[in-house]
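Enquirer: input_21.txt is the file, holding compact mmCIF, C-alpha atoms:
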# COMPACT_ATOMS: atom_id res chain seq x y z
CA TRP A 182 -128.53 24.13 165.26
CA ILE A 183 -125.72 22.91 167.33
CA HIS A 184 -127.11 19.36 167.29
CA TRP A 185 -127.47 19.36 163.53
CA THR A 186 -124.01 20.61 163.01
CA TYR A 187 -122.67 17.81 165.16
CA TRP A 188 -124.60 15.23 163.21
CA PHE A 189 -123.49 16.66 159.90
CA HIS A 190 -119.91 16.51 160.86
CA ARG A 191 -120.15 13.00 162.22
CA GLU A 192 -121.78 11.72 159.04
CA ASN A 193 -118.89 13.10 157.02
CA TRP A 194 -116.34 11.46 159.25
CA ILE A 195 -117.67 7.90 159.07
CA THR A 196 -117.77 6.36 155.52
CA GLY A 197 -119.40 2.99 154.99
CA ARG A 198 -117.54 -0.03 153.34
CA THR A 199 -117.36 -0.13 149.59
CA GLY A 200 -119.48 -2.81 148.02
CA PHE A 201 -118.22 -5.68 145.77
CA THR A 202 -117.52 -4.80 142.14
CA GLY A 203 -119.55 -6.81 139.67
CA ARG A 204 -117.97 -8.93 136.88
CA THR A 205 -117.04 -7.15 133.68
CA GLY A 206 -119.25 -8.05 130.76
CA PHE A 207 -117.99 -9.69 127.52
CA THR A 208 -116.56 -7.35 124.93
CA GLY A 209 -118.33 -7.52 121.64
CA ARG A 210 -116.53 -8.43 118.37
CA THR A 211 -114.91 -5.59 116.53
CA GLY A 212 -116.70 -4.66 113.37
CA PHE A 213 -115.14 -4.87 109.91
CA THR A 214 -113.03 -1.92 108.95
CA GLY A 215 -114.16 -0.26 105.79
CA ARG A 216 -111.87 0.16 102.78
CA THR A 217 -109.67 3.19 102.88
CA GLY A 218 -110.69 5.79 100.43
CA PHE A 219 -108.47 6.96 97.59
CA THR A 220 -106.01 9.63 98.51
CA GLY A 221 -106.35 12.70 96.46
CA ARG A 222 -103.49 13.99 94.35
CA THR A 223 -101.11 16.25 96.14
CA GLY A 224 -101.38 19.79 95.04
CA PHE A 225 -98.54 21.62 93.35
CA THR A 226 -96.03 23.12 95.69
CA GLY A 227 -95.62 26.76 95.17
CA SER A 228 -92.19 28.16 94.38
CA THR A 229 -90.12 29.26 97.30
CA GLY A 230 -90.01 32.95 97.78
CA PHE A 231 -86.81 34.96 97.56
CA THR A 232 -84.72 35.06 100.69
CA GLY A 233 -84.04 38.56 101.86
CA ARG A 234 -80.50 39.87 102.18
CA THR A 235 -78.76 39.29 105.47
CA GLY A 236 -78.44 42.43 107.46
CA PHE A 237 -75.07 43.99 108.28
CA THR A 238 -73.33 42.77 111.40
CA GLY A 239 -72.62 45.51 113.84
CA ARG A 240 -69.06 46.33 114.87
CA THR A 241 -67.64 44.56 117.86
CA GLY A 242 -67.35 46.78 120.86
CA PHE A 243 -63.98 47.79 122.34
CA THR A 244 -62.42 45.43 124.88
CA GLY A 245 -61.56 47.11 128.11
CA ARG A 246 -57.94 47.30 129.31
CA THR A 247 -56.61 44.56 131.56
CA GLY A 248 -56.08 45.71 135.07
CA PHE A 249 -52.58 45.94 136.63
CA THR A 250 -51.17 42.84 138.36
CA GLY A 251 -50.16 43.47 141.90
CA ARG A 252 -46.51 43.11 142.97
CA THR A 253 -45.31 39.75 144.25
CA GLY A 254 -44.58 39.73 147.94
CA PHE A 255 -41.02 39.36 149.30
CA THR A 256 -39.74 35.80 149.97
CA GLY A 257 -38.37 35.28 153.42
CA ARG A 258 -34.65 34.45 153.92
CA THR A 259 -33.59 30.78 154.16
CA GLY A 260 -32.56 29.74 157.61
CA PHE A 261 -28.91 28.78 158.41
CA THR A 262 -27.89 25.08 158.06
CA GLY A 263 -26.32 23.63 161.14
CA ARG A 264 -22.68 22.42 161.08
CA THR A 265 -21.91 18.74 160.29
CA GLY A 266 -20.66 16.73 163.22
CA PHE A 267 -17.07 15.35 163.37
CA THR A 268 -16.40 11.83 161.92
CA GLY A 269 -14.69 9.43 164.25
CA ARG A 270 -11.19 8.01 163.44
CA THR A 271 -10.90 4.67 161.60
CA GLY A 272 -9.61 1.81 163.70
CA PHE A 273 -6.21 0.14 163.06
CA THR A 274 -6.06 -2.93 160.68
CA GLY A 275 -4.43 -5.98 162.16
CA ARG A 276 -1.22 -7.46 160.65
CA THR A 277 -1.48 -10.26 158.01
CA GLY A 278 -0.46 -13.68 159.27
CA PHE A 279 2.69 -15.50 158.02
CA THR A 280 2.35 -17.89 154.98
CA GLY A 281 3.55 -21.41 155.63
CA ARG A 282 6.53 -22.85 153.72
CA THR A 283 5.88 -24.90 150.52
CA GLY A 284 6.50 -28.59 150.91
CA ARG A 285 9.34 -30.33 149.03
CA THR A 286 8.62 -31.96 145.62
CA GLY A 287 9.14 -35.69 145.52
CA PRO A 288 11.70 -37.25 143.15
CA THR A 289 10.64 -38.00 139.53
CA GLY A 290 9.81 -41.59 138.84
CA ALA A 291 11.91 -43.74 136.52
CA THR A 292 11.10 -43.73 132.76
CA GLY A 293 9.77 -47.00 131.44
CA ALA A 294 11.70 -48.96 128.86
CA SER A 295 11.04 -48.26 125.15
CA PRO A 296 8.84 -50.84 123.38
CA ILE A 297 10.50 -53.29 121.07
CA ILE A 298 9.37 -52.82 117.45
CA THR A 299 9.68 -55.69 115.02
CA ILE A 300 8.96 -55.13 111.32
CA THR A 301 8.67 -58.01 108.92
CA PRO A 302 8.61 -56.97 105.21
CA ILE A 303 5.66 -58.51 103.33
CA ALA A 304 7.01 -57.77 99.83
CA THR A 305 10.11 -56.60 98.02
CA GLY A 306 9.98 -53.15 96.50
CA ASN A 307 11.09 -49.56 96.86
CA THR A 308 12.11 -48.38 100.36
CA ILE A 309 9.87 -45.49 101.46
CA ALA A 310 10.97 -45.11 105.17
CA THR A 311 13.45 -46.39 107.79
CA VAL A 312 12.42 -47.22 111.39
CA ASN A 313 14.97 -47.27 114.24
CA SER A 314 14.12 -49.29 117.37
CA PRO A 315 15.92 -51.20 120.16
CA SER A 316 15.64 -54.28 117.99
CA GLY A 317 17.53 -52.63 115.12
CA THR A 318 16.88 -50.68 111.93
CA GLN A 319 14.15 -51.81 109.56
CA ASN A 320 13.17 -50.49 106.11
CA LEU A 321 9.53 -49.88 105.12
CA GLN A 322 8.95 -50.92 101.52
CA GLU A 323 6.08 -50.32 99.09
CA THR A 324 4.68 -52.83 96.66
CA VAL A 325 5.58 -52.46 92.97
CA THR A 326 3.29 -52.59 89.89
CA GLU A 327 4.23 -52.29 86.21
CA LEU A 328 2.52 -51.00 83.03
CA ASP A 329 4.06 -51.75 79.61
CA GLN A 330 2.94 -51.46 75.97
CA ASN A 331 4.16 -53.34 72.92
CA ASN A 332 4.70 -50.77 70.13
CA THR A 333 4.32 -53.45 67.46
CA THR A 334 1.06 -55.04 68.60
CA GLY A 335 -0.24 -52.16 70.73
CA VAL A 336 -1.06 -54.57 73.60
CA ILE A 337 -0.84 -53.01 77.10
CA THR A 338 0.32 -55.27 79.97
CA TYR A 339 -0.33 -54.43 83.64
CA THR A 340 1.44 -56.40 86.42
CA ASN A 341 -0.27 -56.11 89.84
CA GLU A 342 1.23 -56.31 93.39
CA ALA A 343 1.07 -60.06 93.37
CA GLY A 344 3.10 -60.21 90.13
CA ALA A 345 0.15 -61.40 88.00
CA PRO A 346 0.00 -59.84 84.48
CA GLN A 347 -3.19 -58.49 82.88
CA THR A 348 -3.46 -57.34 79.23
CA ALA A 349 -5.62 -54.88 77.25
CA ASN A 350 -5.84 -54.60 73.44
CA VAL A 351 -5.72 -51.15 71.83
CA VAL A 352 -6.57 -52.39 68.31
CA SER A 353 -9.30 -54.93 67.63
CA THR A 354 -8.43 -58.11 65.75
CA ASP A 355 -11.88 -58.26 64.11
CA THR A 356 -12.05 -58.91 60.36
CA GLU A 357 -12.09 -55.79 58.10
CA ASN A 358 -11.00 -53.50 60.95
CA LYS A 359 -9.50 -50.40 59.33
CA ILE A 360 -7.53 -49.27 62.41
CA THR A 361 -3.88 -50.29 62.62
CA VAL A 362 -1.06 -49.88 65.19
CA GLY A 363 0.97 -46.70 64.86
CA SER A 364 4.71 -46.32 65.36
CA ASP A 365 4.20 -45.48 69.06
CA GLY A 366 1.85 -48.43 69.72
CA GLY A 367 -1.32 -46.31 69.59
CA ALA A 368 -4.30 -46.79 67.30
CA PHE A 369 -3.84 -45.33 63.79
CA LEU A 370 -6.56 -44.94 61.13
CA ASN A 371 -4.82 -45.04 57.74
CA ILE A 372 -7.53 -44.47 55.10
CA PRO A 373 -8.17 -41.90 52.30
CA VAL A 374 -9.28 -38.54 53.74
CA VAL A 375 -11.10 -35.65 52.03
CA CYS A 376 -8.79 -32.66 52.56
CA ALA A 377 -10.39 -30.03 50.28
CA LEU A 378 -13.70 -29.48 48.48
CA GLY A 379 -15.86 -26.61 47.28
CA ARG A 380 -18.44 -25.04 44.96
CA VAL A 381 -17.10 -22.21 42.75
CA ASN A 382 -19.10 -19.54 40.89
CA GLY A 383 -18.32 -18.75 37.24
CA ASP A 384 -16.60 -15.47 38.25
CA GLY A 385 -14.11 -17.38 40.45
CA SER A 386 -15.68 -16.54 43.83
CA ALA A 387 -16.26 -19.36 46.34
CA ALA A 388 -19.91 -20.20 47.01
CA ALA A 389 -18.82 -22.82 49.58
CA ILE A 390 -15.30 -24.10 50.23
CA PHE A 391 -13.22 -26.18 52.68
CA GLY A 392 -9.48 -26.69 53.14
CA SER A 393 -8.53 -24.49 50.20
CA SER A 394 -9.04 -21.18 48.33
CA VAL A 395 -9.89 -20.38 44.67
CA SER A 396 -9.15 -17.63 42.11
CA ARG A 397 -10.02 -17.04 38.41
CA ILE A 398 -6.98 -16.96 36.10
CA ASN A 399 -8.85 -15.98 32.88
CA THR A 400 -11.93 -17.11 30.97
CA GLY A 401 -12.57 -20.78 31.79
CA ASP A 402 -9.38 -21.23 33.92
CA TYR A 403 -9.25 -21.35 37.77
CA GLN A 404 -6.56 -21.96 40.43
CA ILE A 405 -7.30 -24.18 43.49
CA THR A 406 -4.77 -23.67 46.33
CA PHE A 407 -4.63 -25.98 49.40
CA ASN A 408 -4.48 -24.53 52.92
CA THR A 409 -1.94 -27.27 53.75
CA ALA A 410 0.32 -28.70 51.06
CA ILE A 411 0.00 -32.42 50.24
CA THR A 412 3.48 -33.98 50.07
CA GLY A 413 4.19 -35.88 46.86
CA SER A 414 0.91 -34.70 45.28
CA ASN A 415 -0.57 -37.92 46.61
CA TYR A 416 -4.22 -36.99 46.07
CA VAL A 417 -7.17 -37.56 43.71
CA VAL A 418 -9.22 -34.74 42.11
CA GLN A 419 -12.89 -35.05 41.15
CA LEU A 420 -14.58 -32.26 39.10
CA THR A 421 -18.23 -31.58 38.11
CA ALA A 422 -19.51 -28.70 35.93
CA MET A 423 -22.99 -27.21 36.23
CA ASP A 424 -25.58 -28.20 33.59
CA CYS A 425 -26.24 -25.03 31.60
CA GLY A 426 -29.39 -26.38 29.94
CA GLY A 427 -28.09 -26.31 26.35
CA ASN A 428 -27.31 -22.58 26.50
CA CYS A 429 -23.80 -22.21 27.93
CA PRO A 430 -22.14 -18.82 28.17
CA PRO A 431 -20.79 -16.72 26.66
CA ALA A 432 -22.25 -17.15 23.14
CA GLY A 433 -25.23 -19.40 23.91
CA GLY A 434 -27.31 -21.20 21.30
CA SER A 435 -27.26 -24.77 20.02
CA ASN A 436 -23.50 -24.65 19.32
CA TYR A 437 -22.75 -24.24 23.09
CA ASP A 438 -24.58 -27.06 24.81
CA ASP A 439 -21.80 -29.53 25.72
CA PRO A 440 -19.49 -28.06 28.42
CA GLY A 441 -16.45 -30.07 29.56
CA ILE A 442 -14.25 -29.69 32.68
CA THR A 443 -10.64 -30.86 33.15
CA TYR A 444 -7.74 -30.38 35.56
CA TYR A 445 -4.05 -29.68 34.86
CA ASP A 446 -0.81 -28.57 36.54
CA ILE A 447 -1.01 -30.89 39.60
CA GLN A 448 1.25 -29.58 42.44
CA ASP A 449 1.72 -30.25 46.19
CA THR A 450 0.12 -26.84 46.82
CA GLY A 451 -2.86 -27.25 44.44
CA PHE A 452 -3.99 -27.58 40.80
CA LYS A 453 -5.74 -25.75 37.96
CA VAL A 454 -9.15 -26.24 36.33
CA ASN A 455 -10.31 -25.54 32.76
CA ILE A 456 -13.93 -25.36 31.49
CA GLY A 457 -14.88 -25.15 27.79
CA ASP A 458 -17.51 -26.18 25.23
CA SER A 459 -16.44 -28.79 22.61
CA ASP A 460 -19.74 -29.17 20.70
CA ASN A 461 -18.91 -26.71 17.94
CA GLY A 462 -17.67 -28.76 15.06
CA THR A 463 -14.03 -29.45 14.33
CA ASN A 464 -12.70 -26.26 15.91
CA PRO A 465 -10.92 -26.34 19.30
CA LYS A 466 -13.20 -25.99 22.30
CA THR A 467 -14.21 -22.54 23.44
CA ASP A 468 -13.33 -21.64 27.08
CA ILE A 469 -16.33 -20.48 29.15
CA ASP A 470 -16.86 -19.29 32.73
CA LEU A 471 -19.22 -21.73 34.45
CA GLU A 472 -20.05 -22.83 37.99
CA PHE A 473 -18.36 -26.08 39.09
CA MET A 474 -17.61 -28.30 42.11
CA PHE A 475 -14.43 -30.11 43.18
CA THR A 476 -13.35 -32.74 45.74
CA VAL A 477 -9.76 -33.57 46.71
CA THR A 478 -9.06 -36.88 48.50
CA LYS A 479 -5.67 -37.51 50.10
CA LEU A 480 -4.44 -41.11 49.84
CA PRO A 481 -2.69 -42.98 52.71
Go ahead and render the structure in this file as structure tokens.
Expert:
Amino acid sequence: WIHWTYWFHRENWITGRTGFTGRTGFTGRTGFTGRTGFTGRTGFTGSTGFTGRTGFTGRTGFTGRTGFTGRTGFTGRTGFTGRTGFTGRTGFTGRTGFTGRTGRTGPTGATGASPIITITPIATGNTIATVNSPSGTQNLQETVTELDQNNTTGVITYTNEAGAPQTANVVSTDTENKITVGSDGGAFLNIPVVCALGRVNGDGSAAAIFGSSVSRINTGDYQITFNTAITGSNYVVQLTAMDCGGNCPPAGGSNYDDPGITYYDIQDTGFKVNIGDSDNGTNPKTDIDLEFMFTVTKLP
């Protein structure tokens, strides 16, 4: 028994060497995967049940009292500070040295002689300054130019510094020029000028007017008054009555189809106008109120 036990234990202690592992065989091809079957319809989800009421929360328990804080211990006394030592005395400052005497200033040098100025006038004219110099007194003169105009011809003459004249004409000498020379030598346009004109309604009010005013005297008669009087009544009046289309006011009809317009009472301040219809047989013309126009031209 003892011998067998020894052998048994020895056999368990000594293990033989592991043999070589053979090569792994080839893995076969994976088979085809079958088609996935249809998924069945999902069943109806049942309604969620009622949630029960939340239970009451219990009361919070009492918090215990905070314990007493112990007394703070006594702080020890601060020790005494030692006395500061004595500061030594400051040493004496030495005396400042003497400042040396300032040297003497040398004599001022002689002033140079003034320059000699010589002025030679280049032209005669008005004296504008005088220069004094060791060589004497000289006058500074400016050059002189002149500008004159002939009041008869209007020609302007300018004389330059060298004494050469140059002229400029104010009025052209061209044929049919309407501008003449005025009494002061300037250009003067002496032609007829329109000084008043207008369009007057039959009631005497101004529809459009210039240089004058208008008023109705009575039926068919009007007063034209100039804003500025024309001396000597030296003006020409032109009048035009409106075409009433064979039916002139006030009566109308075939007997009032020939209105006429005239002026009278010419004055420096204005004139009068009369409008009437003369196409009514042998009787005097009948005055009518009718729209008209006028032009007043002042002569030179």
Enquirer: Which residue gives the smallest distance to Met423 of chain A among A:Arg252, A:Arg380, A:Lys453, A:Lys479, with all atoms listed in the file counted?
Expert: A:Arg380
Enquirer: Name the residues in contact with segment 397-404 of chain A at a cut-off of 8 Å, using only C-alpha atoms, excluding same-chain residues fewer than 3 positions from it; report them as an MDAnalysis selection string.
Expert: chainID A and resid 384:386 451:457 468:471
Enquirer: Between atom CA of Thr409 of chain A and atom CA of Gln448 of chain A, what is the distance, to one decimal in Å?
Expert: 12.0 Å
Enquirer: Just to confirm, what's the straight-line distance from atom CA of Lys359 of chain A to atom CA of Gln347 of chain A in Å (one decimal)?
Expert: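 Distance reported for this atom pair: 25.7 Å.
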Enquirer: Just how far from atom CA of Thr334 of chain A is atom CA of Asp355 of chain A, in Å to one decimal?
Expert: 14.1 Å
Enquirer: Quick one: residues within 7 Å of Tyr339 of chain A, only C-alpha atoms counted, chain neighbours fewer than 3 positions away excluded, as a ChimeraX atom specification?
Expert: /A:327-329,346-348
Enquirer: Write out as JSON, numbers by chain which residues come within 10 Å of Asn350 of chain A when counting only C-alpha atoms, dropping same-chain ones fewer than 3 positions away.
Expert: {"A": [330, 334, 335, 336, 337, 338, 353, 354]}
Enquirer: Nearest to Val381 of chain A among A:Leu420, A:Asn415, A:Glu472, A:Asp446, with distances taken over only C-alpha atoms: which residue is it?
Expert: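 Looking at the shortest contact to Val381 of chain A, the residue is A:Glu472.
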Enquirer: Using only C-alpha atoms, which residue out of A:Val477, A:Val325, A:Ala388, A:Val417 lies closest to Ile405 of chain A?
Expert: A:Val477
Enquirer: Starting from the sparse input, extend segment 282-293 of chain A to all heavy atoms and give the output as an mmCIF file, in the coordinates of the input.
Expert:
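For reference, out_3.cif as written:
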data_model
loop_
_atom_site.group_PDB
_atom_site.id
_atom_site.type_symbol
_atom_site.label_atom_id
_atom_site.label_comp_id
_atom_site.auth_asym_id
_atom_site.auth_seq_id
_atom_site.Cartn_x
_atom_site.Cartn_y
_atom_site.Cartn_z
ATOM 1 N N ARG A 282 5.564 -22.456 154.741
ATOM 2 C CA ARG A 282 6.530 -22.850 153.720
ATOM 3 C C ARG A 282 5.971 -23.948 152.796
ATOM 4 O O ARG A 282 5.241 -24.823 153.248
ATOM 5 C CB ARG A 282 7.812 -23.358 154.381
ATOM 6 C CG ARG A 282 8.599 -22.252 155.094
ATOM 7 C CD ARG A 282 9.872 -22.802 155.711
ATOM 8 N NE ARG A 282 9.580 -23.814 156.731
ATOM 9 C CZ ARG A 282 10.495 -24.570 157.319
ATOM 10 N NH1 ARG A 282 11.768 -24.459 156.953
ATOM 11 N NH2 ARG A 282 10.153 -25.455 158.242
ATOM 12 N N THR A 283 6.330 -23.899 151.500
ATOM 13 C CA THR A 283 5.880 -24.900 150.520
ATOM 14 C C THR A 283 6.633 -26.202 150.764
ATOM 15 O O THR A 283 7.850 -26.205 150.985
ATOM 16 C CB THR A 283 6.172 -24.417 149.098
ATOM 17 O OG1 THR A 283 5.547 -23.139 148.930
ATOM 18 C CG2 THR A 283 5.642 -25.390 148.056
ATOM 19 N N GLY A 284 5.868 -27.300 150.685
ATOM 20 C CA GLY A 284 6.500 -28.590 150.910
ATOM 21 C C GLY A 284 7.429 -28.977 149.771
ATOM 22 O O GLY A 284 7.330 -28.473 148.656
ATOM 23 N N ARG A 285 8.378 -29.880 150.033
ATOM 24 C CA ARG A 285 9.340 -30.330 149.030
ATOM 25 C C ARG A 285 8.687 -31.247 147.991
ATOM 26 O O ARG A 285 7.795 -32.015 148.336
ATOM 27 C CB ARG A 285 10.490 -31.063 149.709
ATOM 28 C CG ARG A 285 11.445 -30.089 150.410
ATOM 29 C CD ARG A 285 12.589 -30.783 151.038
ATOM 30 N NE ARG A 285 12.183 -31.493 152.250
ATOM 31 C CZ ARG A 285 13.015 -31.994 153.125
ATOM 32 N NH1 ARG A 285 14.316 -31.899 152.922
ATOM 33 N NH2 ARG A 285 12.586 -32.608 154.199
ATOM 34 N N THR A 286 9.142 -31.130 146.713
ATOM 35 C CA THR A 286 8.620 -31.960 145.620
ATOM 36 C C THR A 286 9.329 -33.298 145.632
ATOM 37 O O THR A 286 10.557 -33.360 145.743
ATOM 38 C CB THR A 286 8.866 -31.273 144.269
ATOM 39 O OG1 THR A 286 8.273 -29.976 144.312
ATOM 40 C CG2 THR A 286 8.256 -32.067 143.121
ATOM 41 N N GLY A 287 8.554 -34.360 145.498
ATOM 42 C CA GLY A 287 9.140 -35.690 145.520
ATOM 43 C C GLY A 287 9.961 -35.965 144.272
ATOM 44 O O GLY A 287 9.794 -35.300 143.236
ATOM 45 N N PRO A 288 10.848 -36.920 144.309
ATOM 46 C CA PRO A 288 11.700 -37.250 143.150
ATOM 47 C C PRO A 288 10.879 -37.809 141.983
ATOM 48 O O PRO A 288 9.853 -38.448 142.184
ATOM 49 C CB PRO A 288 12.660 -38.305 143.697
ATOM 50 C CG PRO A 288 11.935 -38.907 144.865
ATOM 51 C CD PRO A 288 11.085 -37.824 145.454
ATOM 52 N N THR A 289 11.326 -37.510 140.735
ATOM 53 C CA THR A 289 10.640 -38.000 139.530
ATOM 54 C C THR A 289 10.835 -39.487 139.393
ATOM 55 O O THR A 289 11.932 -40.008 139.617
ATOM 56 C CB THR A 289 11.216 -37.291 138.292
ATOM 57 O OG1 THR A 289 11.117 -35.877 138.496
ATOM 58 C CG2 THR A 289 10.459 -37.685 137.033
ATOM 59 N N GLY A 290 9.728 -40.153 138.984
ATOM 60 C CA GLY A 290 9.810 -41.590 138.840
ATOM 61 C C GLY A 290 10.640 -42.001 137.625
ATOM 62 O O GLY A 290 10.878 -41.211 136.698
ATOM 63 N N ALA A 291 11.070 -43.220 137.610
ATOM 64 C CA ALA A 291 11.910 -43.740 136.520
ATOM 65 C C ALA A 291 11.107 -43.861 135.236
ATOM 66 O O ALA A 291 9.914 -44.140 135.255
ATOM 67 C CB ALA A 291 12.483 -45.089 136.931
ATOM 68 N N THR A 292 11.758 -43.610 134.065
ATOM 69 C CA THR A 292 11.100 -43.730 132.760
ATOM 70 C C THR A 292 11.076 -45.195 132.347
ATOM 71 O O THR A 292 12.083 -45.897 132.464
ATOM 72 C CB THR A 292 11.879 -42.923 131.710
ATOM 73 O OG1 THR A 292 11.976 -41.569 132.163
ATOM 74 C CG2 THR A 292 11.178 -42.973 130.352
ATOM 75 N N GLY A 293 9.901 -45.608 131.858
ATOM 76 C CA GLY A 293 9.770 -47.000 131.440
ATOM 77 C C GLY A 293 10.601 -47.299 130.209
ATOM 78 O O GLY A 293 10.969 -46.403 129.438
#
